[in-house]
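Trainee: Before I ask anything, here is the structure I am working with.
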There are 2 protein chains.
Amino acid sequence: MRPKHTTLTPQELEIMKLVWQREPATVRDIYEALLEHRKIAYTTVMTMMKILETKGYLKKRRQDRAFVYRPTHTKNQVIGGMLREFIDRVFNGSAEPLLVHLVKTRHIREKELQKMARLIEEIK
Amino acid sequence: MRPKHTTLTPQELEIMKLVWQREPATVRDIYEALLEHRKIAYTTVMTMMKILETKGYLKKRRQDRAFVYRPTHTKNQVIGGMLREFIDRVFNGSAEPLLVHLVKTRHIREKELQKMARLIEEIK
DNA sequence: CTTGACATACGAATTAATTAGTACTACAAA
DNA sequence: TTTGTAGTACTAATTAATTCGTATGTCAAG
């Protein structure tokens with residue numbers, strides 16, 4: 001058996017990002033946004049949003065004839081969960097080697113680190 | 001159609017981690033290591049390692065009667081690629097919001113940031 | 001009233017990922 | 001020489017993820 005994704009799948013995430021931008025959004029809204037980038041059927045988007053609803057990421061409400069969808073969690077919450085899952089799976093739960101990667105591949109430079117240091121000051 | 005994983009799937013990664021630890025490793029080596037944590041069939045491991053070979057992550061060589069497998073890329077190379085894919089998909093390619101998440105969720109503390117700052121000094 | 005636009009509901013097809021069973025082969029021990 | 005062990009090759013079954021078609025209903029315009 002294949003273990004179920006605990007977090008959002010790639011396509012689910014793509015749709016959630018668009019919903020977070022709009023909040024609320026109809027199937028048509030998302031369909032048109034996706035069409036800008038690739039060919040996709042209206043019913044495909046509908047199916048995906050229904051799945052996101054049964055998974056608990058979206059809630060819908062009838063408005064006129066169509067459903068209007070809203071996220072049940074913030075983007076930060078969901079993406080934070082995805083990040084945690086990634087760190088668990090790839091880095092065995094510790095964020096430091098991830099950070100080392102970011103630094104060594106120049107994804108993160110000194111300037112950003114300093115910005116983060118200031119952020120930590122604000123938090124504590 | 002479902003788009004193919006460009007990087008390692010969860011089970012593939014689990015096996016690769018074990019191979020990197022051993023280098024080289026036989027199917028039996030990995031099978032026994034996996035058995036410590038969960039029930040799995042010997043042939044399942046064989047199939048997975050064959051897939052990893054056709055995908056180019058492992059190369060095999062006959063030794064006595066069994067095959068001995070070695071990784072074709074280092075752990076850093078492969079995991080670096082997975083990290084890049086994750087950043088692209090989840091954070092639209094920019095590492096800074098990832099770093100913000102790490103800091104805000106206390107996955108990364110000031111001590112580690114300072115350690116990274118020193119690492120940057122060494123690199124440049 | 002008929003027609004077209006637009007929405008949902010339902011079902012199904014396709015591909016990837018994961019798991020494992022069965023057949024067959026080679027070697028070593030009895 | 002027979003038999004058990006350990007390996008590979010091949011096939012197949014299952015589930016998740018992704019995509020979309022068809023049927024059906026509703027409302028508004030003509």
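Quick note on naming: the chains in the structure tokens go A, B, ... in the order shown, residues restart at 1 in each chain, and ligands are numbered from 1 in order of appearance.
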Neighbouring residues of segment 22-25 of chain D were defined as those with any atom within 10 Å, considering only C-alpha atoms (C1' of nucleotides); residues of the same chain fewer than 6 positions away were excluded. Please report them as a PyMOL selection string.

Mentor: chain C and resi 7-11

Trainee: Check which residues of chain B sit at most 9 Å from chain A using only C-alpha atoms, and return one row each with the closest pair of atoms and their distance in Å to one decimal, ordered by chain and rising number, as CSV.

Mentor:
```
residue,atom,partner,partner_atom,distance
B:Pro10,CA,A:Arg89,CA,7.4
B:Leu13,CA,A:Val90,CA,7.7
B:Glu14,CA,A:Arg89,CA,8.4
B:Asn76,CA,A:His101,CA,8.1
B:Ile79,CA,A:Val90,CA,7.4
B:Gly80,CA,A:His101,CA,6.7
B:Met82,CA,A:Val90,CA,8.4
B:Leu83,CA,A:Leu98,CA,8.1
B:Phe86,CA,A:Phe86,CA,8.4
B:Arg89,CA,A:Pro10,CA,7.4
B:Val90,CA,A:Ile79,CA,7.4
B:Phe91,CA,A:Ile79,CA,8.7
B:Ser94,CA,A:His107,CA,7.8
B:Ala95,CA,A:His107,CA,6.1
B:Glu96,CA,A:Ile108,CA,7.1
B:Leu98,CA,A:Leu83,CA,8.1
B:Leu99,CA,A:Met116,CA,7.7
B:Val100,CA,A:Met116,CA,7.1
B:His101,CA,A:Gly80,CA,6.7
B:Leu102,CA,A:Ala95,CA,7.6
B:Val103,CA,A:Ile120,CA,7.0
B:Lys104,CA,A:Ile123,CA,7.9
B:Thr105,CA,A:Gly80,CA,8.2
B:His107,CA,A:Ala95,CA,6.1
B:Ile108,CA,A:Ala95,CA,6.6
B:Arg109,CA,A:Ile120,CA,7.7
B:Glu110,CA,A:Ala117,CA,6.7
B:Glu112,CA,A:Glu96,CA,7.1
B:Leu113,CA,A:Leu113,CA,6.8
B:Gln114,CA,A:Ala117,CA,8.3
B:Met116,CA,A:Val100,CA,7.0
B:Ala117,CA,A:Glu110,CA,6.7
B:Leu119,CA,A:Val103,CA,8.0
B:Ile120,CA,A:Glu110,CA,6.9
B:Glu121,CA,A:Glu110,CA,8.8
B:Ile123,CA,A:Lys104,CA,7.9
```

Trainee: So that I have them on file, write out the residues from the current selection with N, CA and C atoms, as a short mmCIF file (atom, residue, chain, number, x, y, z; two decimals), in the first residue's frame.

Mentor:
```cif
data_model
loop_
_atom_site.label_atom_id
_atom_site.label_comp_id
_atom_site.auth_asym_id
_atom_site.auth_seq_id
_atom_site.Cartn_x
_atom_site.Cartn_y
_atom_site.Cartn_z
N PRO B 10 9.56 9.43 -1.02
CA PRO B 10 9.87 9.14 0.38
C PRO B 10 10.56 7.79 0.60
N LEU B 13 14.07 7.77 -0.84
CA LEU B 13 15.00 8.51 0.01
C LEU B 13 15.41 7.67 1.21
N GLU B 14 14.44 6.99 1.80
CA GLU B 14 14.74 6.17 2.98
C GLU B 14 15.83 5.14 2.64
N ASN B 76 24.93 15.01 -0.21
CA ASN B 76 24.78 16.46 -0.32
C ASN B 76 24.20 16.88 -1.67
N ILE B 79 20.37 15.65 -1.74
CA ILE B 79 19.51 16.37 -0.80
C ILE B 79 19.47 17.85 -1.14
N GLY B 80 20.57 18.36 -1.64
CA GLY B 80 20.56 19.74 -2.12
C GLY B 80 19.54 19.93 -3.23
N MET B 82 16.84 18.15 -3.66
CA MET B 82 15.50 18.05 -3.07
C MET B 82 15.12 19.35 -2.39
N LEU B 83 16.09 19.95 -1.74
CA LEU B 83 15.83 21.22 -1.06
C LEU B 83 15.47 22.29 -2.08
N PHE B 86 12.01 21.81 -3.30
CA PHE B 86 11.04 22.18 -2.25
C PHE B 86 10.89 23.70 -2.18
N ARG B 89 8.90 24.89 -5.16
CA ARG B 89 7.49 24.52 -5.15
C ARG B 89 6.72 25.23 -4.04
N VAL B 90 7.32 25.31 -2.88
CA VAL B 90 6.59 25.81 -1.72
C VAL B 90 6.81 27.30 -1.51
N PHE B 91 8.02 27.76 -1.73
CA PHE B 91 8.34 29.16 -1.47
C PHE B 91 8.63 29.94 -2.74
N SER B 94 12.37 31.34 -3.38
CA SER B 94 13.21 32.20 -2.55
C SER B 94 13.35 31.64 -1.15
N ALA B 95 14.57 31.58 -0.68
CA ALA B 95 14.86 30.89 0.58
C ALA B 95 14.56 31.74 1.80
N GLU B 96 14.42 33.03 1.61
CA GLU B 96 14.27 33.88 2.79
C GLU B 96 13.00 33.60 3.59
N LEU B 98 11.53 30.91 3.88
CA LEU B 98 11.79 29.65 4.57
C LEU B 98 12.54 29.93 5.87
N LEU B 99 13.56 30.75 5.76
CA LEU B 99 14.36 31.09 6.93
C LEU B 99 13.50 31.77 7.99
N VAL B 100 12.61 32.63 7.55
CA VAL B 100 11.71 33.30 8.50
C VAL B 100 10.87 32.26 9.25
N HIS B 101 10.38 31.28 8.52
CA HIS B 101 9.62 30.21 9.16
C HIS B 101 10.45 29.50 10.22
N LEU B 102 11.67 29.17 9.85
CA LEU B 102 12.54 28.43 10.78
C LEU B 102 12.76 29.22 12.05
N VAL B 103 12.94 30.50 11.89
CA VAL B 103 13.21 31.35 13.05
C VAL B 103 11.95 31.50 13.91
N LYS B 104 10.83 31.76 13.25
CA LYS B 104 9.61 32.01 14.02
C LYS B 104 9.10 30.77 14.75
N THR B 105 9.36 29.62 14.17
CA THR B 105 8.90 28.39 14.82
C THR B 105 9.95 27.86 15.79
N HIS B 107 12.69 26.65 15.19
CA HIS B 107 13.49 25.54 14.69
C HIS B 107 14.97 25.95 14.66
N ILE B 108 15.15 27.24 14.46
CA ILE B 108 16.51 27.79 14.42
C ILE B 108 16.61 28.87 15.49
N ARG B 109 17.63 28.81 16.28
CA ARG B 109 17.82 29.82 17.33
C ARG B 109 19.05 30.66 17.04
N GLU B 110 19.21 31.64 17.89
CA GLU B 110 20.29 32.60 17.65
C GLU B 110 21.65 31.91 17.56
N GLU B 112 22.47 29.05 16.45
CA GLU B 112 22.74 28.45 15.14
C GLU B 112 23.00 29.51 14.08
N LEU B 113 22.29 30.60 14.18
CA LEU B 113 22.52 31.67 13.21
C LEU B 113 23.95 32.18 13.31
N GLN B 114 24.41 32.30 14.51
CA GLN B 114 25.80 32.77 14.69
C GLN B 114 26.79 31.77 14.12
N MET B 116 26.22 29.90 11.68
CA MET B 116 26.16 30.05 10.22
C MET B 116 26.94 31.26 9.75
N ALA B 117 26.84 32.32 10.54
CA ALA B 117 27.60 33.52 10.18
C ALA B 117 29.08 33.19 10.12
N LEU B 119 30.30 30.29 9.48
CA LEU B 119 30.49 29.43 8.31
C LEU B 119 30.65 30.28 7.06
N ILE B 120 29.86 31.31 6.96
CA ILE B 120 29.96 32.19 5.81
C ILE B 120 31.33 32.84 5.75
N GLU B 121 31.84 33.22 6.88
CA GLU B 121 33.19 33.81 6.93
C GLU B 121 34.21 32.84 6.35
N ILE B 123 33.75 30.45 4.24
CA ILE B 123 33.54 30.18 2.83
C ILE B 123 34.12 31.27 1.95
#
```

Trainee: Using only C-alpha atoms (C1' of nucleotides), I'd like every residue of chain B that has an atom within 12 Å of chain D; please write them out as a PyMOL selection string.

Mentor: chain B and resi 1-5+26-28+42-43+46-47+50+62-68

Trainee: Dump as an mmCIF file with N, CA and C atoms (P, O5', C5', C4', C3', O3' and C1' of nucleotides), in the first residue's frame the residues of chain C that approach chain A to within 8 Å, counting only C-alpha atoms (C1' of nucleotides).

Mentor:
```cif
data_model
loop_
_atom_site.group_PDB
_atom_site.id
_atom_site.type_symbol
_atom_site.label_atom_id
_atom_site.label_comp_id
_atom_site.auth_asym_id
_atom_site.auth_seq_id
_atom_site.Cartn_x
_atom_site.Cartn_y
_atom_site.Cartn_z
ATOM 1 P P DA C 7 -19.930 29.549 -13.281
ATOM 2 O "O5'" DA C 7 -20.232 28.393 -12.225
ATOM 3 C "C5'" DA C 7 -21.272 28.585 -11.297
ATOM 4 C "C4'" DA C 7 -21.989 27.293 -11.015
ATOM 5 C "C3'" DA C 7 -21.117 26.110 -10.598
ATOM 6 O "O3'" DA C 7 -20.875 26.132 -9.212
ATOM 7 C "C1'" DA C 7 -22.943 25.455 -12.013
ATOM 8 P P DA C 17 6.602 8.454 -9.122
ATOM 9 O "O5'" DA C 17 6.016 7.528 -7.970
ATOM 10 C "C5'" DA C 17 5.018 8.058 -7.113
ATOM 11 C "C4'" DA C 17 4.716 7.079 -5.997
ATOM 12 C "C3'" DA C 17 5.934 6.398 -5.381
ATOM 13 O "O3'" DA C 17 5.744 6.422 -3.974
ATOM 14 C "C1'" DA C 17 4.399 4.762 -6.157
ATOM 15 P P DT C 18 6.892 5.872 -2.996
ATOM 16 O "O5'" DT C 18 6.355 4.413 -2.657
ATOM 17 C "C5'" DT C 18 5.071 4.288 -2.074
ATOM 18 C "C4'" DT C 18 4.687 2.834 -2.009
ATOM 19 C "C3'" DT C 18 5.768 1.912 -1.435
ATOM 20 O "O3'" DT C 18 5.307 1.484 -0.167
ATOM 21 C "C1'" DT C 18 4.615 0.945 -3.280
ATOM 22 P P DT C 19 6.278 0.526 0.718
ATOM 23 O "O5'" DT C 19 5.713 -0.918 0.356
ATOM 24 C "C5'" DT C 19 4.319 -1.149 0.425
ATOM 25 C "C4'" DT C 19 4.002 -2.497 -0.180
ATOM 26 C "C3'" DT C 19 4.969 -3.616 0.237
ATOM 27 O "O3'" DT C 19 4.317 -4.503 1.122
ATOM 28 C "C1'" DT C 19 4.435 -3.698 -2.099
#
```

Trainee: Looking only at the backbone, which of the residues in chain A does DSSP tag as helix (DSSP H, G or I), as a PyMOL selection string?

Mentor: chain A and resi 10-22+27-35+42-54+75-91+96-104+110-123

Trainee: Write out as an MDAnalysis selection string which residues come within 10 Å of Thr6 of chain A when counting only C-alpha atoms (C1' of nucleotides), dropping same-chain ones fewer than 5 positions away.

Mentor: chainID A and resid 55 81:82 85

Trainee: Let's have the selection written as an mmCIF file, in the first residue's frame, with C-alpha atoms.

Mentor:
```
data_model
loop_
_atom_site.group_PDB
_atom_site.id
_atom_site.type_symbol
_atom_site.label_atom_id
_atom_site.label_comp_id
_atom_site.auth_asym_id
_atom_site.auth_seq_id
_atom_site.Cartn_x
_atom_site.Cartn_y
_atom_site.Cartn_z
ATOM 1 C CA LYS A 55 -9.348 17.031 3.593
ATOM 2 C CA GLY A 81 3.460 22.114 8.523
ATOM 3 C CA MET A 82 4.879 21.240 5.137
ATOM 4 C CA GLU A 85 7.298 17.379 7.423
#
```

Trainee: Determine which residues of chain B receive a DSSP assignment of strand (DSSP E or B), computed from the backbone, and state them as a list in words.

Mentor: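 Selecting the strand (DSSP E or B) positions of chain B gives Ala25, Leu58, Lys59, Lys60, Arg61, Arg62, Gln63, Ala66, Phe67, Val68, Tyr69, Arg70 and Pro71 of chain B.
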